[in-house]
Amino acid sequence: MNDVSIDTGLATATPRQLAWQRFKRHRLALASGIFLLLIYTLAFVCEFIVPYKTDTRNVQAINAPPMSVRFFDMEGNFHLRPFVYGYDMKVNDDTWMREYTDNPDKLYPLRFFTRGESYRFWGFFEFDHHLFVAGQGGYVHLFGTDQLGRDLFSRVFYGARVSLSIGVVGVVMTLVLGVLFGGLAGYLGGLMDRAVQRMIEVLQSLPTLPLWMALSASLPVEWSSIRVYFGVTIILSLFGWTTLARQVRGRFLALREEEFVVAARLIGAGKLRVIFRHMLPSFASHIITTATLAVPGMILGETALSFLGIGLRPPVVSWGVLMQQAQNYQVIVMTPWLLLPGLFVVLTVMAFNLMGDGLRDAADPYSTGGQS
């Protein structure tokens, strides 16, 4: 009896409901979607989440290792409020490197939802409340500090805002170009189709990374941070739309003689209305999947260009800019926590790829493919 009710429910479900049910069964994709939602939320409110601004320095902790949040002190006593130990620093006589040890006399309890450094939320509103800060006279560095004593935890989440948003903005531009040129080529055909095809062939024949590097290096040095940001985004988008355009063209060639498209033309609908109102919704799920799988490429492109010093530049903080500090082998050996921005890049790219796989399976809710 239960089986009959379940089958009846599936039979009456809309394609969107079937796709959602299929996506939920793809556990890795669902977990990846939750992770991405979390990381984007944290990046959006990063000023509140982190205890310090990107340029705040702690001269007592230069290249200091990550701190451990504790509930038990070194004597085994339990503390209801979590705390961190402050550092004791000495210079190694042989290597001349700073060496840090926990000082049990410097016990700094963590205070939550309280006042700290003032900041401007998204550059508009003045606030001074943070998710957590160290107790009076203390400091907290969950990911350690860099060579200038700046808190890496704060800089990673500020950098997440830039790196994640450049992926989304870049993909939006890619979608607009791909759908527009691919739709016009497939719907109009003839001269428009040939012109778009030749343009795509030229762009796809160019070596992408060297061209990205050349165009990024050509950005004027005197440009402001925001202009460089949009310049890099446009460069990444210019060469990402060609594959989508060909997919859209092929789909439109198959759809333009369908009855609902012919009917729309007969009642006087314009070309753009037929494309965006009637033809695109028929394979919107495929476009969403393609966009999801394109975001990692944008993030990796920005990271690579900034890592090489020809993308975003300080004082802009992105994951690629932060990874510039890890170019030196000695730095990696002595201060491995500076590689943490790279870990966030890897996790984010993997999450987008896994979620994209789930969306691709869910886009065809009637298929019988296996689930992860």
# chains A, B, ... in the order shown; residues from 1 in each chain; ligands from 1
>>> residues_around(residues="Val171 of chain A", least_positions_apart="6", cutoff="9 Å", atoms="only C-alpha atoms", output="compact mmCIF listing (two decimals) with C-alpha atoms, in the first residue's frame")
# COMPACT_ATOMS: atom_id res chain seq x y z
CA LEU A 236 38.37 35.65 -17.16
CA SER A 237 34.92 35.92 -18.75
CA GLY A 240 34.80 31.16 -20.91
CA TRP A 241 31.63 31.60 -22.95
CA ALA A 291 27.28 27.66 -14.72
CA THR A 292 27.92 25.72 -11.51
CA ALA A 294 32.24 26.98 -14.59
CA VAL A 295 32.64 28.78 -11.25
CA MET A 298 36.95 31.32 -12.60
>>> residues_around(residues="segment 270-285 of chain A", least_positions_apart="5", cutoff="7 Å", atoms="only C-alpha atoms", output="PyMOL selection string")
chain A and resi 183+261+264+363
>>> write_last_selection(atoms="C-alpha atoms", output="compact mmCIF listing (two decimals), in the first residue's frame")
# COMPACT_ATOMS: atom_id res chain seq x y z
CA GLY A 183 21.10 31.79 -29.09
CA VAL A 261 8.49 28.22 -31.19
CA ALA A 264 5.33 32.20 -30.81
CA ALA A 363 18.60 17.82 -14.47
>>> atom_distance(atom1="atom CA of Arg57 of chain A", atom2="atom CA of Phe153 of chain A")
12.8 Å
>>> residues_around(residues="His79 of chain A", least_positions_apart="4", cutoff="10 Å", atoms="only C-alpha atoms", output="JSON, numbers by chain")
{"A": [70, 71, 72, 73, 83, 109]}
>>> write_last_selection(atoms="N, CA and C atoms", output="tab-separated table (two decimals), in the first residue's frame")
chain	number	residue	atom	x	y	z
A	70	ARG	N	40.85	26.19	23.77
A	70	ARG	CA	40.89	25.19	24.84
A	70	ARG	C	39.73	25.38	25.81
A	71	PHE	N	39.40	24.28	26.47
A	71	PHE	CA	38.50	24.30	27.62
A	71	PHE	C	39.21	23.82	28.89
A	72	PHE	N	40.33	23.13	28.70
A	72	PHE	CA	41.11	22.65	29.83
A	72	PHE	C	42.47	23.34	29.82
A	73	ASP	N	42.89	23.86	30.98
A	73	ASP	CA	44.20	24.49	31.05
A	73	ASP	C	45.27	23.42	31.25
A	83	PHE	N	39.10	29.47	25.81
A	83	PHE	CA	40.19	30.44	25.93
A	83	PHE	C	41.35	30.01	25.05
A	109	PRO	N	40.42	34.51	27.76
A	109	PRO	CA	39.09	33.94	27.46
A	109	PRO	C	38.50	34.62	26.22
>>> residues_around(residues="Leu238 of chain A", least_positions_apart="6", cutoff="9 Å", atoms="only C-alpha atoms", output="list in words")
Gly170, Met173, Thr174, Leu177 and Leu203 of chain A
>>> residues_around(residues="Pro51 of chain A", least_positions_apart="5", cutoff="7 Å", atoms="only C-alpha atoms", output="tab-separated table (two decimals) with N, CA and C atoms, in the first residue's frame")
chain	number	residue	atom	x	y	z
A	130	HIS	N	31.65	41.90	16.94
A	130	HIS	CA	32.25	40.74	16.27
A	130	HIS	C	31.69	39.46	16.87
A	132	PHE	N	33.49	36.91	17.79
A	132	PHE	CA	34.34	36.59	18.95
A	132	PHE	C	35.57	37.49	18.93
A	133	VAL	N	36.05	37.81	20.12
A	133	VAL	CA	37.31	38.52	20.30
A	133	VAL	C	37.98	37.96	21.55
A	154	SER	N	41.39	36.19	9.69
A	154	SER	CA	40.64	37.34	9.19
A	154	SER	C	40.88	37.55	7.69
>>> atom_distance(atom1="atom CA of Arg246 of chain A", atom2="atom CA of Leu188 of chain A")
14.0 Å
>>> select_by_dssp(residues="segment 201-261 of chain A", states="alpha helix (DSSP H)", output="MDAnalysis selection string")
chainID A and resid 201:205 208:217 225:238 242:255 259:261
>>> atom_distance(atom1="atom CA of Ala134 of chain A", atom2="atom CA of Phe121 of chain A")
20.8 Å
>>> closest_residue(among="A:Thr233, A:Pro315, A:Gln325, A:Phe252", to="Ser165 of chain A", atoms="only C-alpha atoms")
A:Thr233
>>> residues_around(residues="segment 144-152 of chain A", least_positions_apart="2", cutoff="9 Å", atoms="only C-alpha atoms", output="VMD selection string")
chain A and resid 51 to 67 140 to 142 154 to 157 322 325 335 337 to 338 340 to 341
>>> write_last_selection(atoms="N, CA and C atoms", output="PDB file, in the first residue's frame")
ATOM      1  N   PRO A  51      37.839  38.573  13.890  1.00  0.00           N
ATOM      2  CA  PRO A  51      38.109  39.509  14.992  1.00  0.00           C
ATOM      3  C   PRO A  51      38.879  40.757  14.594  1.00  0.00           C
ATOM      4  N   TYR A  52      39.539  40.752  13.426  1.00  0.00           N
ATOM      5  CA  TYR A  52      40.403  41.874  13.064  1.00  0.00           C
ATOM      6  C   TYR A  52      40.179  42.285  11.614  1.00  0.00           C
ATOM      7  N   LYS A  53      40.610  43.478  11.296  1.00  0.00           N
ATOM      8  CA  LYS A  53      40.622  43.930   9.907  1.00  0.00           C
ATOM      9  C   LYS A  53      41.848  43.363   9.200  1.00  0.00           C
ATOM     10  N   THR A  54      41.881  43.489   7.879  1.00  0.00           N
ATOM     11  CA  THR A  54      42.951  42.848   7.114  1.00  0.00           C
ATOM     12  C   THR A  54      44.312  43.465   7.357  1.00  0.00           C
ATOM     13  N   ASP A  55      44.355  44.736   7.772  1.00  0.00           N
ATOM     14  CA  ASP A  55      45.650  45.400   7.951  1.00  0.00           C
ATOM     15  C   ASP A  55      46.040  45.567   9.411  1.00  0.00           C
ATOM     16  N   THR A  56      45.303  44.957  10.322  1.00  0.00           N
ATOM     17  CA  THR A  56      45.639  45.055  11.746  1.00  0.00           C
ATOM     18  C   THR A  56      46.851  44.171  12.040  1.00  0.00           C
ATOM     19  N   ARG A  57      47.860  44.766  12.699  1.00  0.00           N
ATOM     20  CA  ARG A  57      49.102  44.048  12.972  1.00  0.00           C
ATOM     21  C   ARG A  57      49.249  43.769  14.459  1.00  0.00           C
ATOM     22  N   ASN A  58      49.822  42.627  14.762  1.00  0.00           N
ATOM     23  CA  ASN A  58      50.193  42.268  16.127  1.00  0.00           C
ATOM     24  C   ASN A  58      51.703  42.059  16.141  1.00  0.00           C
ATOM     25  N   VAL A  59      52.427  43.082  16.588  1.00  0.00           N
ATOM     26  CA  VAL A  59      53.893  43.014  16.547  1.00  0.00           C
ATOM     27  C   VAL A  59      54.440  42.002  17.542  1.00  0.00           C
ATOM     28  N   GLN A  60      53.599  41.526  18.476  1.00  0.00           N
ATOM     29  CA  GLN A  60      54.040  40.493  19.402  1.00  0.00           C
ATOM     30  C   GLN A  60      53.957  39.096  18.792  1.00  0.00           C
ATOM     31  N   ALA A  61      53.378  38.982  17.613  1.00  0.00           N
ATOM     32  CA  ALA A  61      53.175  37.668  16.998  1.00  0.00           C
ATOM     33  C   ALA A  61      53.453  37.772  15.502  1.00  0.00           C
ATOM     34  N   ILE A  62      54.739  37.817  15.148  1.00  0.00           N
ATOM     35  CA  ILE A  62      55.145  37.840  13.749  1.00  0.00           C
ATOM     36  C   ILE A  62      55.396  36.398  13.305  1.00  0.00           C
ATOM     37  N   ASN A  63      54.747  35.972  12.225  1.00  0.00           N
ATOM     38  CA  ASN A  63      54.858  34.584  11.762  1.00  0.00           C
ATOM     39  C   ASN A  63      54.564  33.599  12.888  1.00  0.00           C
ATOM     40  N   ALA A  64      53.525  33.885  13.653  1.00  0.00           N
ATOM     41  CA  ALA A  64      53.152  33.025  14.782  1.00  0.00           C
ATOM     42  C   ALA A  64      52.260  31.882  14.302  1.00  0.00           C
ATOM     43  N   PRO A  65      52.386  30.705  14.905  1.00  0.00           N
ATOM     44  CA  PRO A  65      51.579  29.553  14.490  1.00  0.00           C
ATOM     45  C   PRO A  65      50.129  29.682  14.948  1.00  0.00           C
ATOM     46  N   PRO A  66      49.237  28.853  14.410  1.00  0.00           N
ATOM     47  CA  PRO A  66      47.825  28.894  14.831  1.00  0.00           C
ATOM     48  C   PRO A  66      47.665  28.601  16.315  1.00  0.00           C
ATOM     49  N   MET A  67      46.687  29.255  16.935  1.00  0.00           N
ATOM     50  CA  MET A  67      46.366  29.026  18.339  1.00  0.00           C
ATOM     51  C   MET A  67      45.323  27.915  18.470  1.00  0.00           C
ATOM     52  N   VAL A 140      43.870  36.736  19.561  1.00  0.00           N
ATOM     53  CA  VAL A 140      43.530  35.387  19.125  1.00  0.00           C
ATOM     54  C   VAL A 140      43.821  35.274  17.637  1.00  0.00           C
ATOM     55  N   HIS A 141      44.587  34.240  17.271  1.00  0.00           N
ATOM     56  CA  HIS A 141      44.956  33.999  15.871  1.00  0.00           C
ATOM     57  C   HIS A 141      44.731  32.519  15.565  1.00  0.00           C
ATOM     58  N   LEU A 142      43.532  32.173  15.132  1.00  0.00           N
ATOM     59  CA  LEU A 142      43.178  30.774  14.936  1.00  0.00           C
ATOM     60  C   LEU A 142      43.951  30.128  13.793  1.00  0.00           C
ATOM     61  N   SER A 154      41.393  36.195   9.691  1.00  0.00           N
ATOM     62  CA  SER A 154      40.636  37.343   9.187  1.00  0.00           C
ATOM     63  C   SER A 154      40.884  37.553   7.694  1.00  0.00           C
ATOM     64  N   ARG A 155      42.125  37.424   7.274  1.00  0.00           N
ATOM     65  CA  ARG A 155      42.459  37.681   5.879  1.00  0.00           C
ATOM     66  C   ARG A 155      41.902  36.596   4.953  1.00  0.00           C
ATOM     67  N   VAL A 156      41.833  35.352   5.430  1.00  0.00           N
ATOM     68  CA  VAL A 156      41.269  34.277   4.608  1.00  0.00           C
ATOM     69  C   VAL A 156      39.803  34.545   4.301  1.00  0.00           C
ATOM     70  N   PHE A 157      39.026  34.995   5.292  1.00  0.00           N
ATOM     71  CA  PHE A 157      37.597  35.197   5.052  1.00  0.00           C
ATOM     72  C   PHE A 157      37.324  36.494   4.299  1.00  0.00           C
ATOM     73  N   LEU A 322      46.867  36.041  -1.089  1.00  0.00           N
ATOM     74  CA  LEU A 322      47.411  35.460   0.139  1.00  0.00           C
ATOM     75  C   LEU A 322      48.411  34.351  -0.163  1.00  0.00           C
ATOM     76  N   GLN A 325      52.432  34.666  -0.587  1.00  0.00           N
ATOM     77  CA  GLN A 325      53.380  34.550   0.513  1.00  0.00           C
ATOM     78  C   GLN A 325      54.003  33.161   0.581  1.00  0.00           C
ATOM     79  N   THR A 335      56.753  28.205   7.915  1.00  0.00           N
ATOM     80  CA  THR A 335      55.411  28.682   8.280  1.00  0.00           C
ATOM     81  C   THR A 335      54.372  28.014   7.383  1.00  0.00           C
ATOM     82  N   TRP A 337      51.386  27.187   7.818  1.00  0.00           N
ATOM     83  CA  TRP A 337      50.004  27.674   7.916  1.00  0.00           C
ATOM     84  C   TRP A 337      49.679  28.735   6.875  1.00  0.00           C
ATOM     85  N   LEU A 338      50.699  29.288   6.217  1.00  0.00           N
ATOM     86  CA  LEU A 338      50.425  30.250   5.151  1.00  0.00           C
ATOM     87  C   LEU A 338      49.820  29.578   3.923  1.00  0.00           C
ATOM     88  N   LEU A 340      47.141  27.750   4.140  1.00  0.00           N
ATOM     89  CA  LEU A 340      45.721  27.547   4.425  1.00  0.00           C
ATOM     90  C   LEU A 340      44.798  28.156   3.368  1.00  0.00           C
ATOM     91  N   PRO A 341      45.098  29.332   2.793  1.00  0.00           N
ATOM     92  CA  PRO A 341      44.221  29.816   1.704  1.00  0.00           C
ATOM     93  C   PRO A 341      44.123  28.825   0.548  1.00  0.00           C
TER      94      PRO A 341
END
>>> closest_residue(among="A:Phe344, A:Phe124, A:Phe181, A:Tyr119", to="Val50 of chain A", atoms="only C-alpha atoms")
A:Tyr119
>>> select_by_dssp(residues="segment 127-192 of chain A", states="strand (DSSP E)", output="ChimeraX atom specification")
/A:127-134
>>> residues_around(residues="Glu302 of chain A", least_positions_apart="3", cutoff="10 Å", atoms="only C-alpha atoms", output="list in words")
Val162, Ser163, Leu164, Ile166, Gly167, Trp212, Tyr229, Val232, Thr233, Ile235, Leu236, Pro296, Gly297, Met298, Ile299, Leu305, Ser306, Phe307, Leu308, Ile310, Gly311, Leu312, Ser318, Trp319, Gly320 and Val321 of chain A
